[in-house]
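Student: My structure is below; once you've seen it, I'll send some questions.
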Amino acid sequence: STQGPKNLLKSIVYQIAQSNPSILNELLELLDETNDETTVEGIFDRILVRSLELIATKQKKYLIIFDALDESGLEGSSTRRELMQLFEQQFLLKLPAGVKLFVTCRPEKDIERTLNDFSHKIEDRDPRHLEDLKDYILFKM
């Protein structure tokens with residue numbers, strides 16, 4: 001299913017809360033303070049970035065995974081355009097230090113155009129890339 005930028009951001013904050021119980025009370029206070037926030041930019045700046053800053057006080061690195069970004073709506077749809085704009089104007093420019101993004105998707109033009117300058121590609125057509133990725137994941141675990 002597709003979700004717009006606001007729901008995506010709220011989902012990320014929810015997942016941050018679930019995976020970081022040590023900052024749950026601070027996150028709840030933050031959500032109470034920002035309950036009236038309705039714009040994508042406001043939700044990103046006042047809620048998501050501040051949530052990630054809270055995490056940064058506890059741990060130095062944090063990874064946000066976007067799986068199947070190409071399934072976020074049809075290429076050219078308003079939802080997809082809004083998400084690409086969110087990446088261009090927010091995720092790729094304003095995340096706190098230590099926060100990294102990992103995006104999986106099929107090679108679609110709008111996504112490639114948006115992420116091209118900010119990403120490293122691993123194409124599944126080359127078995128060496130898959131083996132390298134497998135080795136890296138096993139090493140980090």
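All residue names refer to the structure tokens as shown: chains lettered A, B, ... in order, residues numbered from 1 in each chain, ligands numbered from 1 in order.
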Could you give me the residues within chain A that DSSP places in strand (DSSP E or B), as a list in words?
Tutor: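 So, restricting chain A to strand (DSSP E or B), we get Tyr62, Leu63, Ile64, Ile65, Phe66, Val99, Lys100, Leu101, Phe102 and Val103 of chain A.
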Student: Set the distance at 10 Å and use only C-alpha atoms: which residues neighbour Phe118 in chain A once local chain neighbours fewer than 3 positions away are removed? I'd like the list as a VMD selection string.
Tutor: chain A and resid 88 92 to 93 101 112 114 to 115 121
Student: Contacts of range 53-68 of chain A at 6 Å or less, counting only C-alpha atoms, minus same-chain residues fewer than 4 places along, as a PyMOL selection string?
Tutor: chain A and resi 98-105
Student: For a test of reading the model, state the distance in Å between CA of Asp70 in chain A and CA of Pro107 in chain A, rounded to one decimal.
Tutor: 8.0 Å
Student: Using DSSP on the backbone, list every residue of chain A that comes out as helix (DSSP H, G or I), and give them as a PDB file with N, CA and C atoms, in the first residue's frame.
Tutor:
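File written: states34.pdb
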ATOM      1  N   PRO A   5       3.709  11.304   2.656  1.00  0.00           N
ATOM      2  CA  PRO A   5       4.835  11.714   3.496  1.00  0.00           C
ATOM      3  C   PRO A   5       4.503  11.863   4.970  1.00  0.00           C
ATOM      4  N   LYS A   6       3.342  12.421   5.304  1.00  0.00           N
ATOM      5  CA  LYS A   6       3.011  12.616   6.723  1.00  0.00           C
ATOM      6  C   LYS A   6       2.912  11.278   7.445  1.00  0.00           C
ATOM      7  N   ASN A   7       2.213  10.336   6.845  1.00  0.00           N
ATOM      8  CA  ASN A   7       2.067   9.026   7.479  1.00  0.00           C
ATOM      9  C   ASN A   7       3.399   8.291   7.549  1.00  0.00           C
ATOM     10  N   LEU A   8       4.230   8.459   6.526  1.00  0.00           N
ATOM     11  CA  LEU A   8       5.549   7.844   6.539  1.00  0.00           C
ATOM     12  C   LEU A   8       6.380   8.376   7.705  1.00  0.00           C
ATOM     13  N   LEU A   9       6.392   9.690   7.880  1.00  0.00           N
ATOM     14  CA  LEU A   9       7.156  10.287   8.977  1.00  0.00           C
ATOM     15  C   LEU A   9       6.633   9.827  10.327  1.00  0.00           C
ATOM     16  N   LYS A  10       5.316   9.805  10.489  1.00  0.00           N
ATOM     17  CA  LYS A  10       4.737   9.346  11.753  1.00  0.00           C
ATOM     18  C   LYS A  10       5.077   7.881  12.015  1.00  0.00           C
ATOM     19  N   SER A  11       5.107   7.077  10.960  1.00  0.00           N
ATOM     20  CA  SER A  11       5.465   5.675  11.098  1.00  0.00           C
ATOM     21  C   SER A  11       6.913   5.518  11.557  1.00  0.00           C
ATOM     22  N   ILE A  12       7.801   6.345  11.017  1.00  0.00           N
ATOM     23  CA  ILE A  12       9.209   6.288  11.427  1.00  0.00           C
ATOM     24  C   ILE A  12       9.352   6.662  12.897  1.00  0.00           C
ATOM     25  N   VAL A  13       8.660   7.717  13.326  1.00  0.00           N
ATOM     26  CA  VAL A  13       8.726   8.127  14.730  1.00  0.00           C
ATOM     27  C   VAL A  13       8.183   7.017  15.627  1.00  0.00           C
ATOM     28  N   TYR A  14       7.112   6.380  15.215  1.00  0.00           N
ATOM     29  CA  TYR A  14       6.533   5.269  15.978  1.00  0.00           C
ATOM     30  C   TYR A  14       7.565   4.141  16.105  1.00  0.00           C
ATOM     31  N   GLN A  15       8.236   3.811  15.003  1.00  0.00           N
ATOM     32  CA  GLN A  15       9.232   2.749  15.036  1.00  0.00           C
ATOM     33  C   GLN A  15      10.445   3.132  15.892  1.00  0.00           C
ATOM     34  N   ILE A  16      10.800   4.403  15.865  1.00  0.00           N
ATOM     35  CA  ILE A  16      11.880   4.875  16.749  1.00  0.00           C
ATOM     36  C   ILE A  16      11.485   4.644  18.204  1.00  0.00           C
ATOM     37  N   ALA A  17      10.252   4.987  18.536  1.00  0.00           N
ATOM     38  CA  ALA A  17       9.774   4.806  19.911  1.00  0.00           C
ATOM     39  C   ALA A  17       9.786   3.329  20.304  1.00  0.00           C
ATOM     40  N   GLN A  18       9.352   2.469  19.404  1.00  0.00           N
ATOM     41  CA  GLN A  18       9.326   1.038  19.702  1.00  0.00           C
ATOM     42  C   GLN A  18      10.718   0.462  19.911  1.00  0.00           C
ATOM     43  N   SER A  19      11.675   0.932  19.127  1.00  0.00           N
ATOM     44  CA  SER A  19      13.007   0.333  19.186  1.00  0.00           C
ATOM     45  C   SER A  19      13.937   1.029  20.191  1.00  0.00           C
ATOM     46  N   PRO A  21      13.183   2.161  23.839  1.00  0.00           N
ATOM     47  CA  PRO A  21      12.377   2.411  25.029  1.00  0.00           C
ATOM     48  C   PRO A  21      13.011   3.384  26.015  1.00  0.00           C
ATOM     49  N   SER A  22      14.336   3.545  25.949  1.00  0.00           N
ATOM     50  CA  SER A  22      14.995   4.452  26.893  1.00  0.00           C
ATOM     51  C   SER A  22      14.627   5.919  26.655  1.00  0.00           C
ATOM     52  N   ILE A  23      14.121   6.249  25.476  1.00  0.00           N
ATOM     53  CA  ILE A  23      13.731   7.633  25.207  1.00  0.00           C
ATOM     54  C   ILE A  23      12.220   7.776  25.025  1.00  0.00           C
ATOM     55  N   LEU A  24      11.481   6.734  25.388  1.00  0.00           N
ATOM     56  CA  LEU A  24      10.034   6.745  25.169  1.00  0.00           C
ATOM     57  C   LEU A  24       9.354   7.926  25.861  1.00  0.00           C
ATOM     58  N   ASN A  25       9.673   8.188  27.115  1.00  0.00           N
ATOM     59  CA  ASN A  25       9.023   9.297  27.830  1.00  0.00           C
ATOM     60  C   ASN A  25       9.318  10.636  27.162  1.00  0.00           C
ATOM     61  N   GLU A  26      10.573  10.816  26.743  1.00  0.00           N
ATOM     62  CA  GLU A  26      10.936  12.065  26.055  1.00  0.00           C
ATOM     63  C   GLU A  26      10.202  12.189  24.721  1.00  0.00           C
ATOM     64  N   LEU A  27      10.044  11.073  24.020  1.00  0.00           N
ATOM     65  CA  LEU A  27       9.305  11.095  22.750  1.00  0.00           C
ATOM     66  C   LEU A  27       7.835  11.437  22.975  1.00  0.00           C
ATOM     67  N   LEU A  28       7.250  10.886  24.026  1.00  0.00           N
ATOM     68  CA  LEU A  28       5.847  11.186  24.325  1.00  0.00           C
ATOM     69  C   LEU A  28       5.667  12.671  24.631  1.00  0.00           C
ATOM     70  N   GLU A  29       6.595  13.246  25.394  1.00  0.00           N
ATOM     71  CA  GLU A  29       6.548  14.692  25.667  1.00  0.00           C
ATOM     72  C   GLU A  29       6.669  15.492  24.372  1.00  0.00           C
ATOM     73  N   LEU A  30       7.581  15.069  23.514  1.00  0.00           N
ATOM     74  CA  LEU A  30       7.777  15.733  22.227  1.00  0.00           C
ATOM     75  C   LEU A  30       6.506  15.677  21.385  1.00  0.00           C
ATOM     76  N   LEU A  31       5.862  14.530  21.361  1.00  0.00           N
ATOM     77  CA  LEU A  31       4.627  14.392  20.592  1.00  0.00           C
ATOM     78  C   LEU A  31       3.510  15.262  21.168  1.00  0.00           C
ATOM     79  N   ASP A  32       3.448  15.365  22.484  1.00  0.00           N
ATOM     80  CA  ASP A  32       2.456  16.251  23.105  1.00  0.00           C
ATOM     81  C   ASP A  32       2.705  17.709  22.719  1.00  0.00           C
ATOM     82  N   GLU A  33       3.976  18.124  22.723  1.00  0.00           N
ATOM     83  CA  GLU A  33       4.339  19.507  22.382  1.00  0.00           C
ATOM     84  C   GLU A  33       4.041  19.837  20.923  1.00  0.00           C
ATOM     85  N   VAL A  40       4.332  18.723   6.380  1.00  0.00           N
ATOM     86  CA  VAL A  40       5.390  17.723   6.231  1.00  0.00           C
ATOM     87  C   VAL A  40       6.701  18.266   6.792  1.00  0.00           C
ATOM     88  N   GLU A  41       7.014  19.518   6.463  1.00  0.00           N
ATOM     89  CA  GLU A  41       8.251  20.119   6.947  1.00  0.00           C
ATOM     90  C   GLU A  41       8.268  20.222   8.460  1.00  0.00           C
ATOM     91  N   GLY A  42       7.145  20.599   9.041  1.00  0.00           N
ATOM     92  CA  GLY A  42       7.049  20.710  10.493  1.00  0.00           C
ATOM     93  C   GLY A  42       7.179  19.368  11.184  1.00  0.00           C
ATOM     94  N   ILE A  43       6.513  18.362  10.641  1.00  0.00           N
ATOM     95  CA  ILE A  43       6.614  17.022  11.220  1.00  0.00           C
ATOM     96  C   ILE A  43       8.060  16.539  11.130  1.00  0.00           C
ATOM     97  N   PHE A  44       8.687  16.786   9.988  1.00  0.00           N
ATOM     98  CA  PHE A  44      10.077  16.357   9.819  1.00  0.00           C
ATOM     99  C   PHE A  44      10.986  17.077  10.815  1.00  0.00           C
ATOM    100  N   ASP A  45      10.929  18.418  10.818  1.00  0.00           N
ATOM    101  CA  ASP A  45      11.843  19.212  11.653  1.00  0.00           C
ATOM    102  C   ASP A  45      11.548  19.087  13.137  1.00  0.00           C
ATOM    103  N   ARG A  46      10.290  19.252  13.510  1.00  0.00           N
ATOM    104  CA  ARG A  46       9.944  19.331  14.933  1.00  0.00           C
ATOM    105  C   ARG A  46       9.777  17.972  15.591  1.00  0.00           C
ATOM    106  N   ILE A  47       9.469  16.940  14.797  1.00  0.00           N
ATOM    107  CA  ILE A  47       9.213  15.635  15.415  1.00  0.00           C
ATOM    108  C   ILE A  47      10.299  14.623  15.050  1.00  0.00           C
ATOM    109  N   LEU A  48      10.485  14.361  13.751  1.00  0.00           N
ATOM    110  CA  LEU A  48      11.446  13.323  13.375  1.00  0.00           C
ATOM    111  C   LEU A  48      12.877  13.712  13.729  1.00  0.00           C
ATOM    112  N   VAL A  49      13.315  14.879  13.313  1.00  0.00           N
ATOM    113  CA  VAL A  49      14.699  15.278  13.595  1.00  0.00           C
ATOM    114  C   VAL A  49      14.937  15.352  15.100  1.00  0.00           C
ATOM    115  N   ARG A  50      14.003  15.902  15.838  1.00  0.00           N
ATOM    116  CA  ARG A  50      14.183  15.971  17.301  1.00  0.00           C
ATOM    117  C   ARG A  50      14.197  14.575  17.923  1.00  0.00           C
ATOM    118  N   SER A  51      13.406  13.648  17.382  1.00  0.00           N
ATOM    119  CA  SER A  51      13.435  12.263  17.870  1.00  0.00           C
ATOM    120  C   SER A  51      14.800  11.648  17.625  1.00  0.00           C
ATOM    121  N   LEU A  52      15.338  11.894  16.434  1.00  0.00           N
ATOM    122  CA  LEU A  52      16.665  11.361  16.107  1.00  0.00           C
ATOM    123  C   LEU A  52      17.752  12.019  16.950  1.00  0.00           C
ATOM    124  N   GLU A  53      17.584  13.280  17.282  1.00  0.00           N
ATOM    125  CA  GLU A  53      18.543  13.954  18.163  1.00  0.00           C
ATOM    126  C   GLU A  53      18.519  13.338  19.560  1.00  0.00           C
ATOM    127  N   LEU A  54      17.333  12.943  20.022  1.00  0.00           N
ATOM    128  CA  LEU A  54      17.244  12.250  21.312  1.00  0.00           C
ATOM    129  C   LEU A  54      18.019  10.946  21.273  1.00  0.00           C
ATOM    130  N   ILE A  55      17.899  10.225  20.175  1.00  0.00           N
ATOM    131  CA  ILE A  55      18.630   8.966  20.032  1.00  0.00           C
ATOM    132  C   ILE A  55      20.133   9.227  20.028  1.00  0.00           C
ATOM    133  N   ALA A  56      20.539  10.303  19.374  1.00  0.00           N
ATOM    134  CA  ALA A  56      21.972  10.616  19.267  1.00  0.00           C
ATOM    135  C   ALA A  56      22.611  10.805  20.635  1.00  0.00           C
ATOM    136  N   LEU A  69      10.936   1.335  -1.947  1.00  0.00           N
ATOM    137  CA  LEU A  69      10.493   2.710  -2.160  1.00  0.00           C
ATOM    138  C   LEU A  69       9.699   2.850  -3.456  1.00  0.00           C
ATOM    139  N   ASP A  70      10.010   2.014  -4.437  1.00  0.00           N
ATOM    140  CA  ASP A  70       9.293   2.061  -5.709  1.00  0.00           C
ATOM    141  C   ASP A  70       7.816   1.682  -5.560  1.00  0.00           C
ATOM    142  N   GLU A  71       7.453   1.057  -4.459  1.00  0.00           N
ATOM    143  CA  GLU A  71       6.058   0.673  -4.231  1.00  0.00           C
ATOM    144  C   GLU A  71       5.272   1.760  -3.503  1.00  0.00           C
ATOM    145  N   SER A  78       0.878  11.866  -7.461  1.00  0.00           N
ATOM    146  CA  SER A  78       1.110  12.940  -6.491  1.00  0.00           C
ATOM    147  C   SER A  78       1.791  12.408  -5.228  1.00  0.00           C
ATOM    148  N   THR A  79       1.417  11.216  -4.781  1.00  0.00           N
ATOM    149  CA  THR A  79       2.050  10.638  -3.586  1.00  0.00           C
ATOM    150  C   THR A  79       3.538  10.425  -3.826  1.00  0.00           C
ATOM    151  N   ARG A  80       3.870   9.886  -4.977  1.00  0.00           N
ATOM    152  CA  ARG A  80       5.276   9.611  -5.291  1.00  0.00           C
ATOM    153  C   ARG A  80       6.056  10.921  -5.428  1.00  0.00           C
ATOM    154  N   ARG A  81       5.472  11.927  -6.076  1.00  0.00           N
ATOM    155  CA  ARG A  81       6.150  13.220  -6.203  1.00  0.00           C
ATOM    156  C   ARG A  81       6.386  13.838  -4.827  1.00  0.00           C
ATOM    157  N   GLU A  82       5.397  13.753  -3.941  1.00  0.00           N
ATOM    158  CA  GLU A  82       5.545  14.289  -2.580  1.00  0.00           C
ATOM    159  C   GLU A  82       6.665  13.566  -1.830  1.00  0.00           C
ATOM    160  N   LEU A  83       6.752  12.248  -2.001  1.00  0.00           N
ATOM    161  CA  LEU A  83       7.812  11.491  -1.326  1.00  0.00           C
ATOM    162  C   LEU A  83       9.189  11.842  -1.875  1.00  0.00           C
ATOM    163  N   MET A  84       9.296  11.998  -3.184  1.00  0.00           N
ATOM    164  CA  MET A  84      10.587  12.372  -3.767  1.00  0.00           C
ATOM    165  C   MET A  84      10.986  13.771  -3.293  1.00  0.00           C
ATOM    166  N   GLN A  85      10.021  14.650  -3.170  1.00  0.00           N
ATOM    167  CA  GLN A  85      10.284  15.994  -2.652  1.00  0.00           C
ATOM    168  C   GLN A  85      10.735  15.919  -1.195  1.00  0.00           C
ATOM    169  N   LEU A  86      10.111  15.043  -0.418  1.00  0.00           N
ATOM    170  CA  LEU A  86      10.502  14.839   0.977  1.00  0.00           C
ATOM    171  C   LEU A  86      11.959  14.385   1.064  1.00  0.00           C
ATOM    172  N   PHE A  87      12.353  13.466   0.204  1.00  0.00           N
ATOM    173  CA  PHE A  87      13.742  13.024   0.196  1.00  0.00           C
ATOM    174  C   PHE A  87      14.670  14.162  -0.201  1.00  0.00           C
ATOM    175  N   GLU A  88      14.355  14.864  -1.288  1.00  0.00           N
ATOM    176  CA  GLU A  88      15.224  15.936  -1.778  1.00  0.00           C
ATOM    177  C   GLU A  88      15.382  17.074  -0.782  1.00  0.00           C
ATOM    178  N   GLN A  89      14.290  17.485  -0.175  1.00  0.00           N
ATOM    179  CA  GLN A  89      14.317  18.686   0.659  1.00  0.00           C
ATOM    180  C   GLN A  89      14.529  18.407   2.139  1.00  0.00           C
ATOM    181  N   GLN A  90      14.307  17.186   2.576  1.00  0.00           N
ATOM    182  CA  GLN A  90      14.395  16.905   4.001  1.00  0.00           C
ATOM    183  C   GLN A  90      15.433  15.811   4.303  1.00  0.00           C
ATOM    184  N   PHE A  91      15.130  14.575   3.908  1.00  0.00           N
ATOM    185  CA  PHE A  91      15.979  13.450   4.297  1.00  0.00           C
ATOM    186  C   PHE A  91      17.421  13.605   3.848  1.00  0.00           C
ATOM    187  N   LEU A  92      17.633  14.083   2.651  1.00  0.00           N
ATOM    188  CA  LEU A  92      18.992  14.129   2.127  1.00  0.00           C
ATOM    189  C   LEU A  92      19.769  15.347   2.591  1.00  0.00           C
ATOM    190  N   LEU A  93      19.107  16.279   3.256  1.00  0.00           N
ATOM    191  CA  LEU A  93      19.776  17.518   3.647  1.00  0.00           C
ATOM    192  C   LEU A  93      19.768  17.803   5.143  1.00  0.00           C
ATOM    193  N   LYS A  94      18.807  17.287   5.882  1.00  0.00           N
ATOM    194  CA  LYS A  94      18.605  17.755   7.251  1.00  0.00           C
ATOM    195  C   LYS A  94      18.756  16.706   8.354  1.00  0.00           C
ATOM    196  N   LYS A 109      13.057   5.826 -12.766  1.00  0.00           N
ATOM    197  CA  LYS A 109      13.721   7.084 -13.118  1.00  0.00           C
ATOM    198  C   LYS A 109      13.590   8.167 -12.061  1.00  0.00           C
ATOM    199  N   ASP A 110      12.398   8.368 -11.518  1.00  0.00           N
ATOM    200  CA  ASP A 110      12.236   9.458 -10.550  1.00  0.00           C
ATOM    201  C   ASP A 110      13.028   9.200  -9.272  1.00  0.00           C
ATOM    202  N   ILE A 111      13.084   7.952  -8.845  1.00  0.00           N
ATOM    203  CA  ILE A 111      13.836   7.611  -7.638  1.00  0.00           C
ATOM    204  C   ILE A 111      15.333   7.747  -7.907  1.00  0.00           C
ATOM    205  N   GLU A 112      15.787   7.219  -9.037  1.00  0.00           N
ATOM    206  CA  GLU A 112      17.207   7.347  -9.372  1.00  0.00           C
ATOM    207  C   GLU A 112      17.619   8.811  -9.477  1.00  0.00           C
ATOM    208  N   ARG A 113      16.785   9.622 -10.102  1.00  0.00           N
ATOM    209  CA  ARG A 113      17.090  11.045 -10.248  1.00  0.00           C
ATOM    210  C   ARG A 113      17.189  11.724  -8.876  1.00  0.00           C
ATOM    211  N   THR A 114      16.297  11.373  -7.974  1.00  0.00           N
ATOM    212  CA  THR A 114      16.275  11.981  -6.640  1.00  0.00           C
ATOM    213  C   THR A 114      17.466  11.545  -5.792  1.00  0.00           C
ATOM    214  N   LEU A 115      17.782  10.270  -5.831  1.00  0.00           N
ATOM    215  CA  LEU A 115      18.801   9.731  -4.930  1.00  0.00           C
ATOM    216  C   LEU A 115      20.201   9.661  -5.537  1.00  0.00           C
ATOM    217  N   ASN A 116      20.317   9.873  -6.814  1.00  0.00           N
ATOM    218  CA  ASN A 116      21.567   9.626  -7.519  1.00  0.00           C
ATOM    219  C   ASN A 116      22.787  10.299  -6.892  1.00  0.00           C
ATOM    220  N   ASP A 117      22.697  11.565  -6.554  1.00  0.00           N
ATOM    221  CA  ASP A 117      23.860  12.289  -6.017  1.00  0.00           C
ATOM    222  C   ASP A 117      24.175  11.923  -4.560  1.00  0.00           C
ATOM    223  N   PHE A 118      23.268  11.228  -3.907  1.00  0.00           N
ATOM    224  CA  PHE A 118      23.425  10.960  -2.477  1.00  0.00           C
ATOM    225  C   PHE A 118      23.602   9.483  -2.156  1.00  0.00           C
ATOM    226  N   PRO A 127      26.388 -10.817  -9.312  1.00  0.00           N
ATOM    227  CA  PRO A 127      26.484 -11.703  -8.139  1.00  0.00           C
ATOM    228  C   PRO A 127      27.567 -11.281  -7.145  1.00  0.00           C
ATOM    229  N   ARG A 128      28.601 -10.569  -7.606  1.00  0.00           N
ATOM    230  CA  ARG A 128      29.649 -10.098  -6.688  1.00  0.00           C
ATOM    231  C   ARG A 128      29.081  -9.085  -5.695  1.00  0.00           C
ATOM    232  N   HIS A 129      28.156  -8.236  -6.155  1.00  0.00           N
ATOM    233  CA  HIS A 129      27.545  -7.256  -5.263  1.00  0.00           C
ATOM    234  C   HIS A 129      26.725  -7.945  -4.180  1.00  0.00           C
ATOM    235  N   LEU A 130      25.979  -8.944  -4.575  1.00  0.00           N
ATOM    236  CA  LEU A 130      25.176  -9.672  -3.590  1.00  0.00           C
ATOM    237  C   LEU A 130      26.070 -10.377  -2.569  1.00  0.00           C
ATOM    238  N   GLU A 131      27.153 -10.955  -3.027  1.00  0.00           N
ATOM    239  CA  GLU A 131      28.082 -11.626  -2.114  1.00  0.00           C
ATOM    240  C   GLU A 131      28.730 -10.626  -1.163  1.00  0.00           C
ATOM    241  N   ASP A 132      29.123  -9.453  -1.687  1.00  0.00           N
ATOM    242  CA  ASP A 132      29.689  -8.399  -0.838  1.00  0.00           C
ATOM    243  C   ASP A 132      28.690  -7.937   0.209  1.00  0.00           C
ATOM    244  N   LEU A 133      27.440  -7.752  -0.204  1.00  0.00           N
ATOM    245  CA  LEU A 133      26.402  -7.318   0.721  1.00  0.00           C
ATOM    246  C   LEU A 133      26.183  -8.368   1.803  1.00  0.00           C
ATOM    247  N   LYS A 134      26.126  -9.618   1.417  1.00  0.00           N
ATOM    248  CA  LYS A 134      25.948 -10.712   2.380  1.00  0.00           C
ATOM    249  C   LYS A 134      27.106 -10.733   3.382  1.00  0.00           C
ATOM    250  N   ASP A 135      28.342 -10.611   2.881  1.00  0.00           N
ATOM    251  CA  ASP A 135      29.509 -10.601   3.766  1.00  0.00           C
ATOM    252  C   ASP A 135      29.462  -9.425   4.731  1.00  0.00           C
ATOM    253  N   TYR A 136      29.072  -8.260   4.240  1.00  0.00           N
ATOM    254  CA  TYR A 136      29.001  -7.072   5.082  1.00  0.00           C
ATOM    255  C   TYR A 136      27.971  -7.245   6.194  1.00  0.00           C
ATOM    256  N   ILE A 137      26.802  -7.738   5.843  1.00  0.00           N
ATOM    257  CA  ILE A 137      25.733  -7.920   6.838  1.00  0.00           C
ATOM    258  C   ILE A 137      26.175  -8.949   7.887  1.00  0.00           C
ATOM    259  N   LEU A 138      26.767 -10.037   7.451  1.00  0.00           N
ATOM    260  CA  LEU A 138      27.244 -11.047   8.406  1.00  0.00           C
ATOM    261  C   LEU A 138      28.332 -10.475   9.306  1.00  0.00           C
ATOM    262  N   PHE A 139      29.209  -9.657   8.759  1.00  0.00           N
ATOM    263  CA  PHE A 139      30.278  -9.020   9.544  1.00  0.00           C
ATOM    264  C   PHE A 139      29.690  -8.091  10.615  1.00  0.00           C
ATOM    265  N   LYS A 140      28.664  -7.319  10.263  1.00  0.00           N
ATOM    266  CA  LYS A 140      28.068  -6.359  11.193  1.00  0.00           C
ATOM    267  C   LYS A 140      27.212  -7.033  12.264  1.00  0.00           C
TER     268      LYS A 140
END
